[in-house]
Amino acid sequence: MHPIFHSESKPFVIAGPCSVESRKQLHDCVTSLETAAPVDMVRCGIWKPRTRPGGFEGLGEPALSWVDELHERHPSLRFCCEVARPEHVELCLNHHIDAVWIGARTSGNPFSVGELAQALRGSSLAVMVKNPIAADVSLWQGAIERVLQAGVSDVAAIHRGFHLYHDGVPYRNKPLWEVPVELRRRMPDLPLLCDPSHMGGHRRYLEALMLTAADLGYDGYMIEVHPHPAEALTDREQQIDATGLRHLLERLALHRQEGDADIRLNILRQQIDAIDERLIQAMGDRMEISRKIAQMKQACHMAAYQPQRWEALMRERIAAARAAGLDAGFMRTLYETIHAESIRIQEDIMNNKQ
Ligand code: PEP
Ligand code: MN
């Protein structure tokens with residue numbers, strides 16, 4: 001099967017609701033994404049890990065049958081969801097799920113990851129591994145390795161931030177960018193996605209987090225999109241609608257163009273640097289000849305400053321400058337400075353200071 005995460009299209013964008021809440025909500029979400037912001041894959045939470053009991057825990061298998069319906073209607077669209085238990089993997093394999101992810105509450109538990117890896121063995125599912133809640137690169141790497149060892153070839157990492165107690169930052173989960181950067185140093189070929197929704201915890205932080213991820217060369221994003229974010233049953237503050245996603249992706253594309261502009265600017269700056277190097281070299285050569293002239297003038301008892309030569313030189317240089325499209329005043333100032341330095345060097349030599 002063609003690998004999903006190693007695709008050429010960059011950034012790879014996954015979007016969809018935190019949780020599937022109803023057939024209509026999922027259909028509306030997919031329709032709005034199709035029109036406003038086509039994405040590479042739709043995320044849909046089927047089983048929701050909740051920190052405390054009593055919240056909405058996802059609809060389970062019925063929601064997967066709505067995914068099947070959508071797959072019939074949009075055969076090229078891919079779907080992914082979180083799995084936490086081997087039974088979840090089995091159910092995904094019975095429905096039209098293309099990729100699964102191991103969530104932050106599961107990826108830090110080697111027993112759970114081992115069981116999931118076992119269930120994934122021999123399947124064609126692509127797998128994403130979210131960073132564990134603790135900022136432990138090896139634990140994250142270990143979870144990825146367990147999945148790879150089960151023979152899954154299409155694997156990606158998702159950076160969703162780390163939970164710290166009263167860390168004083170506005171984000172729900174602190175990014176600690178150095179952790180995924182270290183993971184990428186250890187596993188350079190592993191695609192790395194950013195989940196700014198769970199990192200920021202509020203839609204107002206999405207843009208800044210996505211731009212930082214772009215600067216760090218992330219391969220893509222997973223973003224929570226809901227047809228009516230204000231009515232979402234889970235993660236209400238951080239979800240956006242498909243139009244909001246379109247705006248974010250446009251902003252990101254603009255940022256990339258600015259990045260391109262930076263690259264072009266750098267090329268031109270390198271050219272300027274090379275020209276300046278030649279100018280400085282030429283100036284040094286010019287002053288070296290001034291020193292030789294000083295010795296000859298001294299031997300002939302001539303004055304260092306020769307007004308006729310200087311006036312003739314200035315006339316010629318200004319004419320040449322005009323012909324080259326340069327400003328006469330600028331050239332006069334430049335040559336007055338060069339000539340003054342040349343005379344200073346010559347007089348020093350002729351007065352035996354050098
Ligand atoms: C999610 O993506 O729905 C989720 C629960 O994320 P995380 O595992 O990052 O908390
Ligand atoms: Mn969520």
# chains A, B, ... in the order shown; residues from 1 in each chain; ligands from 1
$ closest_atom_pairs --of "chain A" --to "ligand 1" --cutoff "10 Å" --atoms "only C-alpha atoms and all ligand atoms" --output "Markdown table"
| residue | atom | partner | partner_atom_place_in_ligand_line | distance |
| --- | --- | --- | --- | --- |
| A:Gly16 | CA | ligand 1 | 3 (O) | 9.9 |
| A:Pro17 | CA | ligand 1 | 3 (O) | 8.3 |
| A:Cys18 | CA | ligand 1 | 3 (O) | 5.0 |
| A:Ser19 | CA | ligand 1 | 3 (O) | 6.9 |
| A:Arg43 | CA | ligand 1 | 2 (O) | 8.3 |
| A:Cys44 | CA | ligand 1 | 3 (O) | 8.0 |
| A:Gly45 | CA | ligand 1 | 3 (O) | 5.8 |
| A:Ile46 | CA | ligand 1 | 3 (O) | 8.9 |
| A:Trp47 | CA | ligand 1 | 3 (O) | 8.7 |
| A:Lys48 | CA | ligand 1 | 5 (C) | 6.3 |
| A:Pro49 | CA | ligand 1 | 5 (C) | 6.0 |
| A:Arg50 | CA | ligand 1 | 5 (C) | 7.8 |
| A:Thr51 | CA | ligand 1 | 10 (O) | 9.3 |
| A:Cys81 | CA | ligand 1 | 3 (O) | 8.2 |
| A:Glu82 | CA | ligand 1 | 3 (O) | 6.9 |
| A:Val83 | CA | ligand 1 | 8 (O) | 9.9 |
| A:Ala84 | CA | ligand 1 | 8 (O) | 9.8 |
| A:Trp101 | CA | ligand 1 | 2 (O) | 8.2 |
| A:Ile102 | CA | ligand 1 | 8 (O) | 7.2 |
| A:Gly103 | CA | ligand 1 | 8 (O) | 3.5 |
| A:Ala104 | CA | ligand 1 | 8 (O) | 3.8 |
| A:Arg105 | CA | ligand 1 | 8 (O) | 5.8 |
| A:Thr106 | CA | ligand 1 | 8 (O) | 7.7 |
| A:Ser107 | CA | ligand 1 | 8 (O) | 8.5 |
| A:Val129 | CA | ligand 1 | 8 (O) | 9.2 |
| A:Lys130 | CA | ligand 1 | 9 (O) | 6.2 |
| A:Asn131 | CA | ligand 1 | 9 (O) | 7.5 |
| A:Pro132 | CA | ligand 1 | 8 (O) | 8.1 |
| A:Ile133 | CA | ligand 1 | 10 (O) | 8.1 |
| A:Ile158 | CA | ligand 1 | 9 (O) | 8.2 |
| A:His159 | CA | ligand 1 | 9 (O) | 8.0 |
| A:Arg160 | CA | ligand 1 | 9 (O) | 5.3 |
| A:Gly161 | CA | ligand 1 | 9 (O) | 7.7 |
| A:Phe162 | CA | ligand 1 | 9 (O) | 9.1 |
| A:His163 | CA | ligand 1 | 10 (O) | 9.8 |
| A:Asn173 | CA | ligand 1 | 9 (O) | 9.2 |
| A:Asp195 | CA | ligand 1 | 9 (O) | 7.4 |
| A:Pro196 | CA | ligand 1 | 9 (O) | 9.6 |
| A:Ser197 | CA | ligand 1 | 2 (O) | 8.4 |
| A:His198 | CA | ligand 1 | 9 (O) | 5.7 |
| A:Met199 | CA | ligand 1 | 9 (O) | 7.8 |
| A:Met222 | CA | ligand 1 | 2 (O) | 8.2 |
| A:Ile223 | CA | ligand 1 | 2 (O) | 8.6 |
| A:Glu224 | CA | ligand 1 | 2 (O) | 7.9 |
| A:Thr234 | CA | ligand 1 | 3 (O) | 8.8 |
| A:Asp235 | CA | ligand 1 | 3 (O) | 8.5 |
$ select_by_dssp --residues "stretch 79-163 of chain A" --states "strand (DSSP E or B)" --output "JSON, numbers by chain"
{"A": [79, 80, 81, 82, 83, 99, 100, 101, 102, 126, 127, 128, 129, 130, 155, 156, 157, 158, 159, 162]}
$ write_last_selection --atoms "N, CA, C and O atoms" --output "tab-separated table (two decimals), in the first residue's frame"
chain	number	residue	atom	x	y	z
A	79	PHE	N	-9.56	8.21	6.79
A	79	PHE	CA	-10.04	8.45	8.16
A	79	PHE	C	-9.07	7.85	9.17
A	79	PHE	O	-8.47	6.80	8.90
A	80	CYS	N	-8.97	8.51	10.32
A	80	CYS	CA	-8.15	7.96	11.40
A	80	CYS	C	-8.82	8.19	12.75
A	80	CYS	O	-9.64	9.11	12.88
A	81	CYS	N	-8.50	7.35	13.71
A	81	CYS	CA	-9.04	7.53	15.05
A	81	CYS	C	-8.04	6.99	16.08
A	81	CYS	O	-7.08	6.31	15.72
A	82	GLU	N	-8.29	7.32	17.34
A	82	GLU	CA	-7.41	6.84	18.41
A	82	GLU	C	-7.77	5.41	18.79
A	82	GLU	O	-8.96	5.04	18.84
A	83	VAL	N	-6.74	4.62	19.07
A	83	VAL	CA	-6.97	3.27	19.64
A	83	VAL	C	-6.21	3.18	20.96
A	83	VAL	O	-5.10	3.67	21.07
A	99	ALA	N	-5.87	4.88	9.27
A	99	ALA	CA	-4.75	5.06	10.21
A	99	ALA	C	-5.31	5.19	11.62
A	99	ALA	O	-6.46	5.61	11.81
A	100	VAL	N	-4.50	4.81	12.58
A	100	VAL	CA	-4.90	4.96	13.99
A	100	VAL	C	-3.79	5.72	14.71
A	100	VAL	O	-2.66	5.82	14.21
A	101	TRP	N	-4.15	6.30	15.86
A	101	TRP	CA	-3.07	6.86	16.67
A	101	TRP	C	-3.18	6.35	18.10
A	101	TRP	O	-4.24	5.99	18.58
A	102	ILE	N	-2.01	6.28	18.70
A	102	ILE	CA	-1.91	5.89	20.10
A	102	ILE	C	-1.82	7.20	20.88
A	102	ILE	O	-0.93	8.02	20.63
A	126	ALA	N	-1.90	2.48	9.01
A	126	ALA	CA	-0.80	3.39	9.34
A	126	ALA	C	-0.99	3.78	10.80
A	126	ALA	O	-2.12	3.79	11.31
A	127	VAL	N	0.11	4.09	11.46
A	127	VAL	CA	0.03	4.35	12.91
A	127	VAL	C	0.76	5.64	13.28
A	127	VAL	O	1.88	5.89	12.82
A	128	MET	N	0.08	6.44	14.11
A	128	MET	CA	0.73	7.64	14.66
A	128	MET	C	0.88	7.43	16.16
A	128	MET	O	-0.01	6.88	16.81
A	129	VAL	N	2.00	7.89	16.68
A	129	VAL	CA	2.24	7.75	18.12
A	129	VAL	C	2.39	9.14	18.72
A	129	VAL	O	3.32	9.88	18.40
A	130	LYS	N	1.42	9.49	19.58
A	130	LYS	CA	1.50	10.79	20.24
A	130	LYS	C	2.55	10.73	21.34
A	130	LYS	O	2.84	9.65	21.89
A	155	VAL	N	4.61	4.80	9.87
A	155	VAL	CA	4.51	5.28	11.24
A	155	VAL	C	4.91	6.76	11.29
A	155	VAL	O	5.81	7.18	10.57
A	156	ALA	N	4.20	7.52	12.11
A	156	ALA	CA	4.55	8.94	12.30
A	156	ALA	C	4.44	9.27	13.78
A	156	ALA	O	3.78	8.55	14.54
A	157	ALA	N	5.11	10.34	14.18
A	157	ALA	CA	5.01	10.81	15.57
A	157	ALA	C	4.14	12.05	15.59
A	157	ALA	O	4.15	12.83	14.63
A	158	ILE	N	3.37	12.20	16.66
A	158	ILE	CA	2.59	13.44	16.83
A	158	ILE	C	3.02	14.11	18.12
A	158	ILE	O	3.00	13.51	19.20
A	159	HIS	N	3.40	15.36	17.98
A	159	HIS	CA	3.81	16.15	19.15
A	159	HIS	C	2.58	16.93	19.62
A	159	HIS	O	2.06	17.76	18.88
A	162	PHE	N	3.36	18.56	26.59
A	162	PHE	CA	3.59	17.80	27.83
A	162	PHE	C	2.91	18.49	28.99
A	162	PHE	O	2.99	19.72	29.12
$ atom_distance --atom1 "atom CA of A:His228" --atom2 "atom CA of A:His247"
16.4 Å
$ closest_residue --among "A:Val225, A:Met296, A:Met187, A:Ala282" --to "ligand 2" --atoms "only C-alpha atoms and all ligand atoms"
A:Val225
$ residues_around --residues "stretch 334-351 of chain A" --least-positions-apart "5" --cutoff "7 Å" --atoms "only C-alpha atoms" --output "list of chain:residue names"
A:Met287, A:Ser290, A:Arg291, A:Ala294, A:Gln295, A:Gln298, A:Ala304, A:Tyr305
$ write_last_selection --atoms "N, CA, C and O atoms" --output "short mmCIF file (atom, residue, chain, number, x, y, z; two decimals), in the first residue's frame"
data_model
loop_
_atom_site.label_atom_id
_atom_site.label_comp_id
_atom_site.auth_asym_id
_atom_site.auth_seq_id
_atom_site.Cartn_x
_atom_site.Cartn_y
_atom_site.Cartn_z
N MET A 287 45.77 50.91 -2.06
CA MET A 287 46.60 51.58 -1.06
C MET A 287 48.05 51.08 -1.12
O MET A 287 48.99 51.81 -0.83
N SER A 290 49.64 53.10 -3.63
CA SER A 290 49.88 54.44 -3.07
C SER A 290 51.22 54.45 -2.31
O SER A 290 51.96 55.43 -2.36
N ARG A 291 51.51 53.34 -1.62
CA ARG A 291 52.78 53.27 -0.86
C ARG A 291 53.98 53.32 -1.81
O ARG A 291 54.97 54.01 -1.54
N ALA A 294 54.39 56.78 -3.04
CA ALA A 294 54.98 57.64 -2.00
C ALA A 294 56.50 57.55 -2.04
O ALA A 294 57.20 58.57 -1.96
N GLN A 295 57.04 56.32 -2.22
CA GLN A 295 58.50 56.17 -2.25
C GLN A 295 59.10 56.91 -3.46
O GLN A 295 60.14 57.55 -3.36
N GLN A 298 58.94 60.61 -2.89
CA GLN A 298 59.95 61.01 -1.92
C GLN A 298 61.31 61.12 -2.61
O GLN A 298 62.04 62.10 -2.42
N ALA A 304 53.15 65.08 -1.78
CA ALA A 304 52.20 63.94 -1.81
C ALA A 304 50.94 64.34 -2.56
O ALA A 304 50.44 63.59 -3.40
N TYR A 305 50.44 65.49 -2.28
CA TYR A 305 49.19 65.95 -2.89
C TYR A 305 49.50 66.65 -4.19
O TYR A 305 50.20 67.67 -4.20
#
$ select_by_dssp --residues "stretch 176-246 of chain A" --states "helix (DSSP H, G or I)" --output "JSON, numbers by chain"
{"A": [178, 179, 180, 181, 182, 183, 184, 185, 186, 196, 197, 198, 199, 200, 203, 204, 205, 206, 207, 208, 209, 210, 211, 212, 213, 214, 215, 229, 230, 231, 242, 243, 244, 245, 246]}
$ write_last_selection --atoms "C-alpha atoms" --output "mmCIF file, in the first residue's frame"
data_model
loop_
_atom_site.group_PDB
_atom_site.id
_atom_site.type_symbol
_atom_site.label_atom_id
_atom_site.label_comp_id
_atom_site.auth_asym_id
_atom_site.auth_seq_id
_atom_site.Cartn_x
_atom_site.Cartn_y
_atom_site.Cartn_z
ATOM 1 C CA GLU A 178 13.477 20.429 22.253
ATOM 2 C CA VAL A 179 11.865 17.033 22.998
ATOM 3 C CA PRO A 180 10.500 16.376 19.459
ATOM 4 C CA VAL A 181 13.667 17.908 18.018
ATOM 5 C CA GLU A 182 15.659 15.284 19.947
ATOM 6 C CA LEU A 183 13.255 12.548 18.776
ATOM 7 C CA ARG A 184 13.862 13.635 15.195
ATOM 8 C CA ARG A 185 17.625 13.610 15.790
ATOM 9 C CA ARG A 186 17.299 9.996 16.946
ATOM 10 C CA PRO A 196 -1.575 22.401 18.141
ATOM 11 C CA SER A 197 -5.160 21.795 19.376
ATOM 12 C CA HIS A 198 -4.210 19.691 22.404
ATOM 13 C CA MET A 199 -1.012 21.642 22.902
ATOM 14 C CA GLY A 200 -2.638 25.063 23.041
ATOM 15 C CA ARG A 203 -8.060 28.057 19.425
ATOM 16 C CA ARG A 204 -6.322 31.390 19.998
ATOM 17 C CA TYR A 205 -2.939 29.628 20.217
ATOM 18 C CA LEU A 206 -3.244 27.514 17.078
ATOM 19 C CA GLU A 207 -1.620 29.952 14.678
ATOM 20 C CA ALA A 208 1.485 30.679 16.735
ATOM 21 C CA LEU A 209 2.054 26.984 17.461
ATOM 22 C CA MET A 210 1.594 26.011 13.821
ATOM 23 C CA LEU A 211 4.048 28.671 12.654
ATOM 24 C CA THR A 212 6.657 27.494 15.149
ATOM 25 C CA ALA A 213 6.161 23.906 13.989
ATOM 26 C CA ALA A 214 6.539 25.091 10.375
ATOM 27 C CA ASP A 215 9.820 26.811 11.235
ATOM 28 C CA PRO A 229 -17.234 24.323 17.961
ATOM 29 C CA ALA A 230 -19.303 26.161 20.594
ATOM 30 C CA GLU A 231 -21.536 23.079 20.915
ATOM 31 C CA ALA A 242 -13.552 24.392 8.583
ATOM 32 C CA THR A 243 -13.412 28.084 7.598
ATOM 33 C CA GLY A 244 -11.152 28.732 10.580
ATOM 34 C CA LEU A 245 -8.919 25.915 9.376
ATOM 35 C CA ARG A 246 -8.828 27.400 5.873
#
$ closest_residue --among "A:Glu115, A:Glu237, A:Asp327, A:Asp262" --to "ligand 2" --atoms "only C-alpha atoms and all ligand atoms"
A:Glu237
$ closest_residue --among "A:Val152, A:Leu33, A:Leu139, A:Ala15" --to "ligand 2" --atoms "only C-alpha atoms and all ligand atoms"
A:Ala15
$ atom_distance --atom1 "atom CA of A:Pro62" --atom2 "atom CA of A:Lys24"
12.8 Å
$ closest_residue --among "A:Leu249, A:Ala232, A:Leu216, A:Leu192" --to "ligand 2" --atoms "only C-alpha atoms and all ligand atoms"
A:Ala232
$ residues_around --residues "A:Gly151" --least-positions-apart "2" --cutoff "8 Å" --atoms "only C-alpha atoms" --output "short mmCIF file (atom, residue, chain, number, x, y, z; two decimals) with C-alpha atoms, in the first residue's frame"
data_model
loop_
_atom_site.label_atom_id
_atom_site.label_comp_id
_atom_site.auth_asym_id
_atom_site.auth_seq_id
_atom_site.Cartn_x
_atom_site.Cartn_y
_atom_site.Cartn_z
CA ARG A 121 0.94 -6.86 13.45
CA GLY A 122 0.32 -7.77 9.82
CA VAL A 147 5.06 -0.35 16.63
CA LEU A 148 7.86 -0.56 14.08
CA GLN A 149 8.97 -3.93 15.47
CA SER A 153 5.93 0.46 8.11
#
$ closest_residue --among "A:Ile240, A:Leu125, A:Leu26, A:Leu120" --to "ligand 2" --atoms "only C-alpha atoms and all ligand atoms"
A:Ile240
$ residues_around --residues "stretch 306-319 of chain A" --least-positions-apart "3" --cutoff "8 Å" --atoms "only C-alpha atoms" --output "PyMOL selection string"
chain A and resi 303+322-323+328+331-332+335
